[in-house]
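Pasted below: target_23.cif, mmCIF, C-alpha atoms and all ligand atoms.
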```
data_input
loop_
_atom_site.label_atom_id
_atom_site.label_comp_id
_atom_site.auth_asym_id
_atom_site.auth_seq_id
_atom_site.Cartn_x
_atom_site.Cartn_y
_atom_site.Cartn_z
CA MET L 357 -11.99 16.11 10.93
CA GLU L 358 -13.17 18.96 8.71
CA LYS L 359 -15.01 20.54 11.66
CA LEU L 360 -12.00 20.04 13.94
CA ILE L 361 -9.64 21.72 11.46
CA GLN L 362 -12.10 24.57 10.92
CA TYR L 363 -12.26 25.01 14.69
CA PHE L 364 -8.48 25.40 15.08
CA PRO L 365 -8.34 29.25 15.38
CA THR L 366 -11.18 29.17 17.94
CA GLN L 367 -9.42 26.36 19.79
CA LEU L 368 -6.36 28.61 20.21
CA GLU L 369 -8.56 31.37 21.64
CA GLU L 370 -10.39 28.98 23.95
CA ALA L 371 -7.10 27.63 25.23
CA LEU L 372 -5.84 31.16 25.90
CA ARG L 373 -8.99 31.96 27.89
CA GLN L 374 -8.61 28.93 30.14
CA ASP L 375 -7.92 29.97 33.72
CA THR L 376 -4.95 27.92 34.91
CA SER L 377 -4.31 29.88 38.11
CA GLU L 378 -5.92 27.18 40.33
CA THR L 379 -3.85 24.29 39.01
CA LEU L 380 -0.55 25.93 38.05
CA GLY L 381 1.78 27.62 40.52
CA SER L 382 4.55 30.11 39.89
CA GLY L 383 6.90 28.35 42.32
CA GLY L 384 9.71 25.94 41.63
CA SER L 385 13.37 26.29 41.01
CA TYR L 386 14.70 24.53 37.93
CA GLN L 387 17.89 23.95 36.00
CA ASN L 388 16.39 22.24 32.97
CA VAL L 389 13.09 21.46 31.28
CA LEU L 390 12.00 18.14 29.82
CA ILE L 391 8.82 17.75 27.78
CA ALA L 392 7.53 14.21 27.18
CA GLY L 393 4.83 13.38 24.64
CA MET L 394 4.12 11.27 21.57
CA GLY L 395 2.52 11.96 18.19
CA GLY L 396 -0.09 14.70 18.29
CA SER L 397 0.79 15.44 21.92
CA GLY L 398 4.56 15.45 21.33
CA ILE L 399 4.65 17.76 18.30
CA GLY L 400 3.45 20.67 20.47
CA ALA L 401 6.74 20.49 22.35
CA ASP L 402 8.70 21.07 19.12
CA PHE L 403 6.71 24.24 18.49
CA VAL L 404 6.99 25.47 22.08
CA ARG L 405 10.76 24.97 22.21
CA GLY L 406 11.12 27.02 19.02
CA PHE L 407 8.76 29.76 20.20
CA VAL L 408 10.57 30.29 23.52
CA ARG L 409 14.09 29.69 22.20
CA GLU L 410 15.23 33.30 22.52
CA HIS L 411 13.56 33.83 25.90
CA CYS L 412 13.86 30.70 28.04
CA PRO L 413 17.02 30.77 30.18
CA LEU L 414 17.02 26.97 30.61
CA PRO L 415 17.73 24.17 28.14
CA ILE L 416 14.59 22.38 26.95
CA GLN L 417 14.81 18.73 25.97
CA ILE L 418 12.05 16.73 24.34
CA VAL L 419 11.58 13.01 24.75
CA LYS L 420 9.44 11.00 22.35
CA GLY L 421 9.99 7.45 23.49
CA TYR L 422 11.02 5.46 26.56
CA ALA L 423 14.57 6.69 27.09
CA LEU L 424 15.09 9.37 29.69
CA PRO L 425 18.00 11.69 28.81
CA SER L 426 20.78 12.27 31.30
CA GLY L 427 20.74 15.19 33.72
CA ILE L 428 17.22 14.63 35.07
CA GLY L 429 16.65 15.17 38.80
CA SER L 430 14.86 17.29 41.39
CA HIS L 431 15.99 20.41 39.51
CA THR L 432 14.03 19.30 36.39
CA LEU L 433 10.69 20.71 35.32
CA LEU L 434 8.99 17.79 33.58
CA ILE L 435 5.96 18.60 31.42
CA ALA L 436 4.08 15.42 30.52
CA SER L 437 1.84 15.97 27.51
CA SER L 438 -0.74 13.33 26.59
CA TYR L 439 -4.22 14.16 25.38
CA SER L 440 -5.66 10.78 26.41
CA GLY L 441 -3.42 10.57 29.47
CA ASN L 442 -2.83 6.90 28.73
CA THR L 443 0.08 6.84 26.29
CA GLU L 444 2.49 4.11 27.27
CA GLU L 445 5.79 5.82 26.44
CA THR L 446 4.84 9.10 28.15
CA LEU L 447 3.67 7.32 31.33
CA ASP L 448 6.88 5.30 31.36
CA VAL L 449 9.08 8.41 31.11
CA VAL L 450 7.01 10.11 33.84
CA ALA L 451 7.54 7.13 36.18
CA GLN L 452 11.30 7.13 35.55
CA ALA L 453 11.62 10.91 35.99
CA GLN L 454 9.50 10.92 39.14
CA ARG L 455 11.77 8.28 40.67
CA LEU L 456 14.63 10.76 40.12
CA GLY L 457 12.62 13.52 41.82
CA ALA L 458 11.64 15.59 38.73
CA GLN L 459 8.93 18.20 39.34
CA LEU L 460 6.01 17.09 37.21
CA VAL L 461 3.33 19.19 35.54
CA CYS L 462 0.68 17.22 33.62
CA VAL L 463 -1.08 18.43 30.45
CA SER L 464 -3.93 16.08 29.65
CA SER L 465 -7.69 15.71 29.21
CA GLY L 466 -7.96 12.64 31.45
CA GLY L 467 -6.73 9.06 31.76
CA LYS L 468 -4.01 7.84 34.09
CA LEU L 469 -1.99 11.04 33.83
CA LEU L 470 -4.76 13.29 35.09
CA GLU L 471 -5.73 10.74 37.74
CA MET L 472 -2.12 10.78 38.93
CA ALA L 473 -2.10 14.60 38.97
CA LYS L 474 -5.22 14.63 41.13
CA GLN L 475 -4.12 11.85 43.48
CA GLN L 476 -0.65 13.30 44.02
CA GLN L 477 -1.92 16.90 43.95
CA LEU L 478 0.42 17.74 41.11
CA GLU L 479 0.31 20.90 39.07
CA HIS L 480 -1.58 20.37 35.82
CA VAL L 481 -3.56 21.85 32.94
CA LYS L 482 -6.74 19.93 32.16
CA LEU L 483 -7.53 20.01 28.46
CA PRO L 484 -11.16 19.85 27.24
CA GLY L 485 -12.09 16.18 26.78
CA GLY L 486 -14.16 14.21 24.28
CA ILE L 487 -12.21 14.94 21.09
CA PRO L 488 -11.54 11.61 19.33
CA SER L 489 -8.32 12.71 17.57
CA PRO L 490 -5.51 14.04 19.79
CA ARG L 491 -3.80 15.45 16.69
CA ALA L 492 -6.74 17.81 16.33
CA CYS L 493 -5.96 19.25 19.78
CA LEU L 494 -2.63 20.79 18.81
CA GLY L 495 -3.85 24.28 19.77
CA TYR L 496 -4.78 23.17 23.28
CA SER L 497 -1.51 21.31 23.66
CA ILE L 498 0.78 24.15 22.54
CA VAL L 499 -1.01 26.85 24.54
CA ALA L 500 -1.08 24.71 27.71
CA GLN L 501 2.66 24.00 27.48
CA MET L 502 3.35 27.71 26.93
CA GLN L 503 1.11 28.57 29.90
CA VAL L 504 3.23 26.28 32.08
CA LEU L 505 6.45 28.02 30.99
CA VAL L 506 4.91 31.48 31.44
CA ALA L 507 3.61 30.55 34.93
CA LYS L 508 7.13 29.39 35.85
CA LYS L 509 8.59 32.64 34.43
CA LEU L 510 10.55 30.71 31.85
CA ALA L 511 8.81 32.51 28.98
CA PRO L 512 7.28 36.00 28.65
CA ALA L 513 3.47 36.38 28.64
CA GLU L 514 3.76 38.44 25.41
CA LEU L 515 4.22 35.19 23.53
CA LEU L 516 0.64 34.27 24.43
CA GLU L 517 -0.45 37.60 22.90
CA GLN L 518 1.22 36.51 19.68
CA VAL L 519 -0.85 33.32 19.79
CA GLN L 520 -3.95 35.52 20.05
CA SER L 521 -2.89 37.56 17.02
CA ALA L 522 -2.18 34.32 15.14
CA ALA L 523 -5.72 33.14 15.91
CA SER L 524 -7.12 36.44 14.56
CA LEU L 525 -5.01 36.08 11.41
CA LEU L 526 -6.36 32.55 10.86
CA HIS L 527 -9.96 33.67 11.32
CA GLN L 528 -9.40 36.38 8.70
CA GLU L 529 -7.55 34.16 6.26
CA GLN L 530 -9.35 30.86 6.70
CA GLU L 531 -11.24 30.88 3.38
CA LEU L 532 -8.13 31.85 1.42
CA ILE L 533 -6.10 29.21 3.24
CA ARG L 534 -8.70 26.57 2.31
CA GLU L 535 -8.49 27.59 -1.35
CA ARG L 536 -4.72 27.50 -1.21
CA ALA L 537 -4.89 24.03 0.34
CA GLN L 538 -7.07 22.76 -2.50
CA HIS L 539 -4.50 23.93 -5.05
CA LEU L 540 -1.68 22.41 -3.04
CA ALA L 541 -3.44 19.04 -2.75
CA GLN L 542 -4.11 19.02 -6.48
CA ALA L 543 -0.47 19.79 -7.24
CA ILE L 544 0.64 16.95 -4.96
CA GLY L 545 -1.99 14.56 -6.35
CA SER L 546 -0.78 10.97 -6.09
CA LYS L 547 2.90 11.94 -5.83
CA LEU L 548 5.07 11.30 -2.79
CA PRO L 549 5.39 14.55 -0.82
CA VAL L 550 8.89 15.54 0.29
CA ILE L 551 8.61 18.48 2.68
CA TYR L 552 11.46 20.94 3.18
CA SER L 553 11.86 23.93 5.48
CA SER L 554 14.48 25.85 7.45
CA THR L 555 15.13 24.57 10.99
CA ALA L 556 12.95 27.41 12.33
CA LEU L 557 9.98 25.81 10.56
CA THR L 558 10.91 22.17 11.20
CA PRO L 559 8.00 21.75 13.66
CA VAL L 560 5.63 22.74 10.84
CA ALA L 561 7.33 20.29 8.48
CA ILE L 562 6.90 17.52 11.08
CA ARG L 563 3.25 18.50 11.56
CA CYS L 564 2.78 18.43 7.79
CA ARG L 565 4.27 14.94 7.52
CA GLN L 566 2.21 13.64 10.45
CA GLN L 567 -1.04 15.09 9.10
CA PHE L 568 -0.36 13.70 5.60
CA ASN L 569 0.41 10.32 7.24
CA GLU L 570 -2.61 10.17 9.53
CA ASN L 571 -5.29 12.12 7.65
CA ALA L 572 -4.40 11.25 4.05
CA LYS L 573 -2.91 7.81 4.85
CA ILE L 574 0.24 8.33 2.81
CA LEU L 575 3.95 7.96 3.29
CA CYS L 576 6.08 11.08 2.95
CA TRP L 577 9.20 12.52 4.50
CA HIS L 578 10.63 15.83 5.61
CA HIS L 579 14.09 17.33 5.94
CA GLU L 580 15.48 20.70 7.02
CA PHE L 581 17.84 23.30 5.60
CA PRO L 582 20.77 23.66 5.84
CA GLU L 583 21.40 20.04 6.99
CA MET L 584 19.66 18.63 3.92
CA ASN L 585 22.31 20.32 1.75
CA HIS L 586 24.97 18.06 3.22
CA ASN L 587 23.39 14.71 2.35
CA GLU L 588 19.88 14.41 0.93
CA LEU L 589 20.57 16.88 -1.86
CA VAL L 590 22.76 14.26 -3.53
CA GLY L 591 19.65 12.09 -3.91
CA TRP L 592 18.27 14.71 -6.30
CA ARG L 593 20.03 13.32 -9.31
CA GLY L 594 17.92 13.02 -12.41
CA GLU L 595 14.16 13.13 -12.80
CA GLN L 596 11.97 12.24 -9.80
CA ASP L 597 8.56 12.31 -11.48
CA GLU L 598 6.80 10.54 -8.63
CA VAL L 599 7.96 13.12 -6.04
CA ALA L 600 6.31 16.42 -5.09
CA ALA L 601 8.81 18.75 -3.37
CA LEU L 602 7.01 21.08 -0.99
CA LEU L 603 9.00 24.03 0.39
CA LEU L 604 7.62 25.74 3.50
CA ARG L 605 9.05 29.24 3.62
CA GLN L 606 8.89 32.49 5.55
CA ARG L 607 10.40 35.98 5.43
CA ASP L 608 13.46 36.83 7.53
CA GLU L 609 15.26 33.51 7.23
CA HIS L 610 19.01 33.53 7.85
CA PRO L 611 20.37 35.04 4.59
CA ARG L 612 22.54 32.01 3.84
CA VAL L 613 19.60 29.65 4.43
CA GLU L 614 17.52 31.85 2.13
CA ALA L 615 20.21 31.57 -0.56
CA ARG L 616 20.37 27.79 -0.12
CA LEU L 617 16.56 27.49 -0.41
CA ASN L 618 16.59 29.56 -3.61
CA ILE L 619 19.38 27.56 -5.24
CA CYS L 620 17.77 24.23 -4.31
CA LYS L 621 14.31 25.36 -5.46
CA ALA L 622 15.78 25.55 -8.96
CA VAL L 623 17.03 21.95 -8.58
CA PHE L 624 13.56 20.76 -7.49
CA ASP L 625 11.96 22.71 -10.36
CA GLN L 626 14.17 20.82 -12.74
CA TYR L 627 13.85 17.31 -11.33
CA ALA L 628 10.69 16.92 -9.20
CA GLY L 629 7.34 15.81 -10.62
CA ALA L 630 5.96 18.91 -8.86
CA SER L 631 7.90 21.68 -7.16
CA ILE L 632 5.75 23.78 -4.86
CA GLU L 633 6.60 26.67 -2.57
CA VAL L 634 4.38 28.19 0.10
CA ILE L 635 5.25 31.37 1.95
CA ALA L 636 3.83 31.94 5.41
CA ARG L 637 1.87 35.06 6.26
CA GLY L 638 2.35 36.71 9.65
CA ASN L 639 4.61 39.08 11.56
CA ASN L 640 6.55 36.68 13.74
CA LEU L 641 7.45 33.00 14.07
CA ILE L 642 4.31 32.17 16.06
CA GLU L 643 1.91 33.72 13.54
CA ARG L 644 3.75 32.22 10.59
CA SER L 645 3.95 28.77 12.16
CA PHE L 646 0.22 28.70 12.92
CA TYR L 647 -0.55 30.02 9.43
CA LEU L 648 1.38 27.13 7.89
CA VAL L 649 -0.05 24.58 10.34
CA HIS L 650 -3.54 25.59 9.28
CA LEU L 651 -2.57 25.40 5.62
CA VAL L 652 -1.01 21.93 5.87
CA ASP L 653 -3.89 20.65 8.01
CA TRP L 654 -6.38 21.70 5.33
CA THR L 655 -4.12 20.25 2.65
CA SER L 656 -4.09 16.89 4.46
CA LEU L 657 -7.88 16.93 4.45
CA GLU L 658 -7.99 17.75 0.73
CA LEU L 659 -5.53 14.92 0.05
CA ALA L 660 -7.79 12.56 2.02
CA LYS L 661 -10.72 13.63 -0.16
CA LEU L 662 -8.72 13.13 -3.36
CA ARG L 663 -7.70 9.68 -2.20
CA GLN L 664 -11.17 8.88 -0.88
CA VAL L 665 -9.98 7.87 2.57
CA ASP L 666 -11.49 8.66 5.96
CA PRO L 667 -9.19 11.26 7.58
CA SER L 668 -10.26 10.34 11.13
CA GLU L 669 -9.68 6.61 11.24
CA ILE L 670 -6.33 5.31 12.51
CA ARG L 671 -7.22 1.59 12.64
CA ILE L 672 -3.62 0.50 12.21
CA ILE L 673 -2.53 2.37 15.38
CA ASP L 674 -5.44 0.76 17.27
CA PHE L 675 -4.32 -2.63 15.93
CA LEU L 676 -0.75 -1.97 17.09
CA LYS L 677 -1.87 -0.96 20.58
CA GLU L 678 -3.98 -4.13 20.88
CA ALA L 679 -1.11 -6.31 19.63
CA LEU L 680 1.26 -4.69 22.14
CA LYS L 681 -1.03 -5.70 24.99
CA GLU L 682 -0.26 -9.34 24.13
CA VAL L 683 3.50 -8.80 24.40
C1 LIG L 701 -4.13 10.47 17.20
C2 LIG L 701 -2.77 10.99 17.11
C3 LIG L 701 -1.65 10.28 17.81
C4 LIG L 701 -1.65 10.51 19.34
C5 LIG L 701 -0.56 9.66 19.97
C6 LIG L 701 -0.40 9.91 21.45
O1 LIG L 701 -5.02 11.44 16.65
O2 LIG L 701 -2.55 11.92 16.43
O3 LIG L 701 -0.46 10.77 17.23
O4 LIG L 701 -1.46 11.86 19.62
O5 LIG L 701 -0.84 8.31 19.76
O6 LIG L 701 -1.61 9.85 22.13
P1 LIG L 701 -1.97 10.97 23.21
O7 LIG L 701 -1.99 12.24 22.43
O8 LIG L 701 -3.32 10.61 23.75
O9 LIG L 701 -0.90 10.91 24.24
#
```

Any chance you could give the structure as structure tokens?
Ligand code: F6R
Amino acid sequence: MEKLIQYFPTQLEEALRQDTSETLGSGGSYQNVLIAGMGGSGIGADFVRGFVREHCPLPIQIVKGYALPSGIGSHTLLIASSYSGNTEETLDVVAQAQRLGAQLVCVSSGGKLLEMAKQQQLEHVKLPGGIPSPRACLGYSIVAQMQVLVAKKLAPAELLEQVQSAASLLHQEQELIRERAQHLAQAIGSKLPVIYSSTALTPVAIRCRQQFNENAKILCWHHEFPEMNHNELVGWRGEQDEVAALLLRQRDEHPRVEARLNICKAVFDQYAGASIEVIARGNNLIERSFYLVHLVDWTSLELAKLRQVDPSEIRIIDFLKEALKEV
């Protein structure tokens, strides 16, 4: 896992270099976009939707489960994202959407999804195979989904240039980010992490939770501002010694969100066992998001070390998948 995390900036660059012109066309006429994917292959969709928000003329929905939203038909661009290509929920949604005539583009390294793409001559992006942890392929997943939207003229190619500058930033900063991650992990220690961010950084907060869950084998939760101010804030009553509040922040937030974060930081300082704030580096949302992803990925690895657990193993998910086969 350490090598895979270290490789992340290079993974972004490799993904950007991949020639997709043979397997992706610019054709198609769409009214909406649906991205289906679970876990490490679903989180990429949250990032992509945020990155293209100001540019994509069509609504983008994300499905992480079995239930197809309404409004799906032959006018729908369906991007199916599964690293293994065998994830039950994603395949199920693909089958339902195909029955309604959705235009499918597959993003996968193999399995049933890629087989289907080849058999039905569907548009696709083939991801490099052989990586045991799909969550470590986030760079491939995000870039491939963006490449699909750029090919379909639903997002400008300049966004891919921002991914390149993010990769350069991470190469430059990697050692400092690792040091920062060690301090963060020590501050969290054995406390329960509660991760907060603005909605713009919610995908990073989700990534952080998932990486703490899977790599460090811990429970934690996340919430976003301003919504958190209307409910969860009330839970901050009195000392919460066992909780580490982690605020993921960036410049240029909405001024009222910024004010809310500042006021609440003082509440966490007073009540949380640890109150930690990290501020993203970078010139735009893409650079800042990748900066924070790299930081929380390293932090999850440091937490795994502190807790003496193997960051790669996910035996309980394997157990679940086996048990499901019996049902
Ligand atoms: C495993 C992981 C999981 C998978 C998820 C979906 O490292 O992070 O969250 O990403 O079980 O599997 P794929 O990505 O193969 O569709």

10 Å contact set for L:Ala522, only C-alpha atoms, chain neighbours under 6 positions out, as a ChimeraX atom specification: /L:365,368-369,516,528,637-647

Neighbour list for L:Leu589 as a PDB file with C-alpha atoms, keeping the file's coordinate frame, cut-off 10 Å, all atoms listed in the file, skip fewer than 3 positions in-chain:
```pdb
ATOM      1  CA  GLU L 583      21.400  20.040   6.990  1.00  0.00           C
ATOM      2  CA  MET L 584      19.660  18.630   3.920  1.00  0.00           C
ATOM      3  CA  ASN L 585      22.310  20.320   1.750  1.00  0.00           C
ATOM      4  CA  HIS L 586      24.970  18.060   3.220  1.00  0.00           C
ATOM      5  CA  TRP L 592      18.270  14.710  -6.300  1.00  0.00           C
ATOM      6  CA  ARG L 593      20.030  13.320  -9.310  1.00  0.00           C
ATOM      7  CA  CYS L 620      17.770  24.230  -4.310  1.00  0.00           C
ATOM      8  CA  VAL L 623      17.030  21.950  -8.580  1.00  0.00           C
ATOM      9  CA  PHE L 624      13.560  20.760  -7.490  1.00  0.00           C
TER      10      PHE L 624
END
```

Test item: residues lying within 8 Å of ligand LIG 701 (chain L) with all atoms listed in the file, as a list in words: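 Going residue by residue within 8 Å of ligand LIG 701 (chain L), we get Gly393, Met394, Gly395, Gly396, Ser397, Gly398, Ser437, Ser438, Tyr439, Ser440, Gly441, Asn442, Thr443, Thr446, Pro488, Ser489, Pro490, Arg491, Ala492, Gln566, Glu570, Ser668, Ile670 and Ile673 of chain L.
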
Name all residues at most 6 Å from stretch 425-436 of chain L (count all atoms listed in the file; drop same-chain ones fewer than 6 positions away) and give them as an mmCIF file with C-alpha atoms, in the coordinates of the input.
```cif
data_model
loop_
_atom_site.group_PDB
_atom_site.id
_atom_site.type_symbol
_atom_site.label_atom_id
_atom_site.label_comp_id
_atom_site.auth_asym_id
_atom_site.auth_seq_id
_atom_site.Cartn_x
_atom_site.Cartn_y
_atom_site.Cartn_z
ATOM 1 C CA TYR L 386 14.700 24.530 37.930
ATOM 2 C CA GLN L 387 17.890 23.950 36.000
ATOM 3 C CA ASN L 388 16.390 22.240 32.970
ATOM 4 C CA VAL L 389 13.090 21.460 31.280
ATOM 5 C CA LEU L 390 12.000 18.140 29.820
ATOM 6 C CA ILE L 391 8.820 17.750 27.780
ATOM 7 C CA ALA L 392 7.530 14.210 27.180
ATOM 8 C CA LEU L 456 14.630 10.760 40.120
ATOM 9 C CA GLY L 457 12.620 13.520 41.820
ATOM 10 C CA ALA L 458 11.640 15.590 38.730
ATOM 11 C CA GLN L 459 8.930 18.200 39.340
ATOM 12 C CA LEU L 460 6.010 17.090 37.210
ATOM 13 C CA VAL L 461 3.330 19.190 35.540
ATOM 14 C CA CYS L 462 0.680 17.220 33.620
ATOM 15 C CA VAL L 463 -1.080 18.430 30.450
#
```

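Among L:Ala630, L:Cys564, L:Val506, L:Ala523, the residue with the shortest atom-to-atom distance to L:Thr366, counting all atoms listed in the file, is L:Ala523.
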
Using only C-alpha atoms: which of L:Gln626, L:Gln530, L:Ser631, L:Ser497 has the shortest distance to L:Lys547: L:Ser631

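Between atom CA of L:Ala500 and atom CA of L:Lys677 the separation is 26.7 Å.
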
Stretch 599-614 of chain L surroundings by only C-alpha atoms, 10 Å radius, close-in-sequence under 4 positions cut, as an MDAnalysis selection string: chainID L and resid 540 543:558 560:561 564 576 578 580:582 595 618:621 624:625 627:641 644:645 648 652

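Closest approach to L:Val481 among L:Ala453, L:Leu360, L:Ala371, L:Leu526 is made by L:Ala371 (distances from all atoms listed in the file).
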
Non-local contacts of L:Glu658 (10 Å; all atoms listed in the file; under 6 positions in same chain excluded) as JSON, numbers by chain: {"L": [358, 534, 537, 538, 539, 540, 541, 542, 545, 568, 571, 572, 652, 664, 667]}

Atomic separation - atom CA of L:Ala679 relative to atom CA of L:Met472, Å: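 One can read the atom CA of L:Met472 to atom CA of L:Ala679 distance as 25.8 Å.
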
Residue nearest L:Glu531 - candidates L:Leu676, L:Leu575, L:His650, L:Met502, atoms counted: only C-alpha atoms: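 With only C-alpha atoms as the atom set, the closest residue is L:His650.
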
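Here atom CA of L:Ser377 is placed at a distance of 13.4 Å from atom CA of L:Leu478.
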
Minimum-distance residue to L:Val499, chosen among L:Gln452, L:Gln475, L:Gln596, L:Gln367 (using all atoms listed in the file): L:Gln367

Closest of L:Lys681, L:Lys468, L:Lys474, L:Lys508 to L:Pro413 - atom-to-atom distances counting all atoms listed in the file: L:Lys508

What would stretch 556-581 of chain L look like with N, CA and C atoms in place, written as a JSON list (two decimals), in the coordinates of the input?
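Printed below is result-v7.json as written:
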```
[["chain", "number", "residue", "atom", "x", "y", "z"],
["L", 556, "ALA", "N", 13.95, 26.65, 11.57],
["L", 556, "ALA", "CA", 12.95, 27.41, 12.33],
["L", 556, "ALA", "C", 11.55, 26.87, 12.09],
["L", 557, "LEU", "N", 11.32, 26.33, 10.89],
["L", 557, "LEU", "CA", 9.98, 25.81, 10.56],
["L", 557, "LEU", "C", 9.91, 24.29, 10.59],
["L", 558, "THR", "N", 10.94, 23.64, 11.14],
["L", 558, "THR", "CA", 10.91, 22.17, 11.20],
["L", 558, "THR", "C", 9.67, 21.64, 11.92],
["L", 559, "PRO", "N", 9.23, 22.28, 13.03],
["L", 559, "PRO", "CA", 8.00, 21.75, 13.66],
["L", 559, "PRO", "C", 6.81, 21.73, 12.68],
["L", 560, "VAL", "N", 6.72, 22.74, 11.82],
["L", 560, "VAL", "CA", 5.63, 22.74, 10.84],
["L", 560, "VAL", "C", 5.82, 21.60, 9.83],
["L", 561, "ALA", "N", 7.07, 21.38, 9.42],
["L", 561, "ALA", "CA", 7.33, 20.29, 8.48],
["L", 561, "ALA", "C", 6.96, 18.94, 9.10],
["L", 562, "ILE", "N", 7.26, 18.78, 10.39],
["L", 562, "ILE", "CA", 6.90, 17.52, 11.08],
["L", 562, "ILE", "C", 5.37, 17.40, 11.13],
["L", 563, "ARG", "N", 4.72, 18.50, 11.51],
["L", 563, "ARG", "CA", 3.25, 18.50, 11.56],
["L", 563, "ARG", "C", 2.67, 18.11, 10.19],
["L", 564, "CYS", "N", 3.25, 18.69, 9.14],
["L", 564, "CYS", "CA", 2.78, 18.43, 7.79],
["L", 564, "CYS", "C", 2.91, 16.93, 7.49],
["L", 565, "ARG", "N", 4.08, 16.37, 7.78],
["L", 565, "ARG", "CA", 4.27, 14.94, 7.52],
["L", 565, "ARG", "C", 3.26, 14.12, 8.31],
["L", 566, "GLN", "N", 3.11, 14.44, 9.61],
["L", 566, "GLN", "CA", 2.21, 13.64, 10.45],
["L", 566, "GLN", "C", 0.76, 13.73, 9.97],
["L", 567, "GLN", "N", 0.34, 14.93, 9.56],
["L", 567, "GLN", "CA", -1.04, 15.09, 9.10],
["L", 567, "GLN", "C", -1.25, 14.38, 7.75],
["L", 568, "PHE", "N", -0.24, 14.43, 6.87],
["L", 568, "PHE", "CA", -0.36, 13.70, 5.60],
["L", 568, "PHE", "C", -0.42, 12.19, 5.91],
["L", 569, "ASN", "N", 0.41, 11.74, 6.86],
["L", 569, "ASN", "CA", 0.41, 10.32, 7.24],
["L", 569, "ASN", "C", -0.96, 9.90, 7.78],
["L", 570, "GLU", "N", -1.43, 10.64, 8.80],
["L", 570, "GLU", "CA", -2.61, 10.17, 9.53],
["L", 570, "GLU", "C", -3.93, 10.53, 8.82],
["L", 571, "ASN", "N", -4.02, 11.72, 8.28],
["L", 571, "ASN", "CA", -5.29, 12.12, 7.65],
["L", 571, "ASN", "C", -5.41, 11.57, 6.23],
["L", 572, "ALA", "N", -4.32, 11.68, 5.45],
["L", 572, "ALA", "CA", -4.40, 11.25, 4.05],
["L", 572, "ALA", "C", -3.91, 9.81, 3.85],
["L", 573, "LYS", "N", -3.39, 9.21, 4.90],
["L", 573, "LYS", "CA", -2.91, 7.81, 4.85],
["L", 573, "LYS", "C", -1.84, 7.62, 3.78],
["L", 574, "ILE", "N", -0.84, 8.48, 3.79],
["L", 574, "ILE", "CA", 0.24, 8.33, 2.81],
["L", 574, "ILE", "C", 1.60, 8.38, 3.51],
["L", 575, "LEU", "N", 2.58, 7.83, 2.82],
["L", 575, "LEU", "CA", 3.95, 7.96, 3.29],
["L", 575, "LEU", "C", 4.52, 9.26, 2.72],
["L", 576, "CYS", "N", 5.37, 9.91, 3.47],
["L", 576, "CYS", "CA", 6.08, 11.08, 2.95],
["L", 576, "CYS", "C", 7.25, 11.31, 3.89],
["L", 577, "TRP", "N", 8.13, 12.22, 3.55],
["L", 577, "TRP", "CA", 9.20, 12.52, 4.50],
["L", 577, "TRP", "C", 9.48, 14.02, 4.52],
["L", 578, "HIS", "N", 10.25, 14.43, 5.53],
["L", 578, "HIS", "CA", 10.63, 15.83, 5.61],
["L", 578, "HIS", "C", 12.12, 15.93, 5.92],
["L", 579, "HIS", "N", 12.70, 17.05, 5.57],
["L", 579, "HIS", "CA", 14.09, 17.33, 5.94],
["L", 579, "HIS", "C", 14.24, 18.84, 6.07],
["L", 580, "GLU", "N", 15.33, 19.27, 6.74],
["L", 580, "GLU", "CA", 15.48, 20.70, 7.02],
["L", 580, "GLU", "C", 16.75, 21.26, 6.38],
["L", 581, "PHE", "N", 16.68, 22.56, 6.11],
["L", 581, "PHE", "CA", 17.84, 23.30, 5.60],
["L", 581, "PHE", "C", 18.52, 23.97, 6.78]]
```
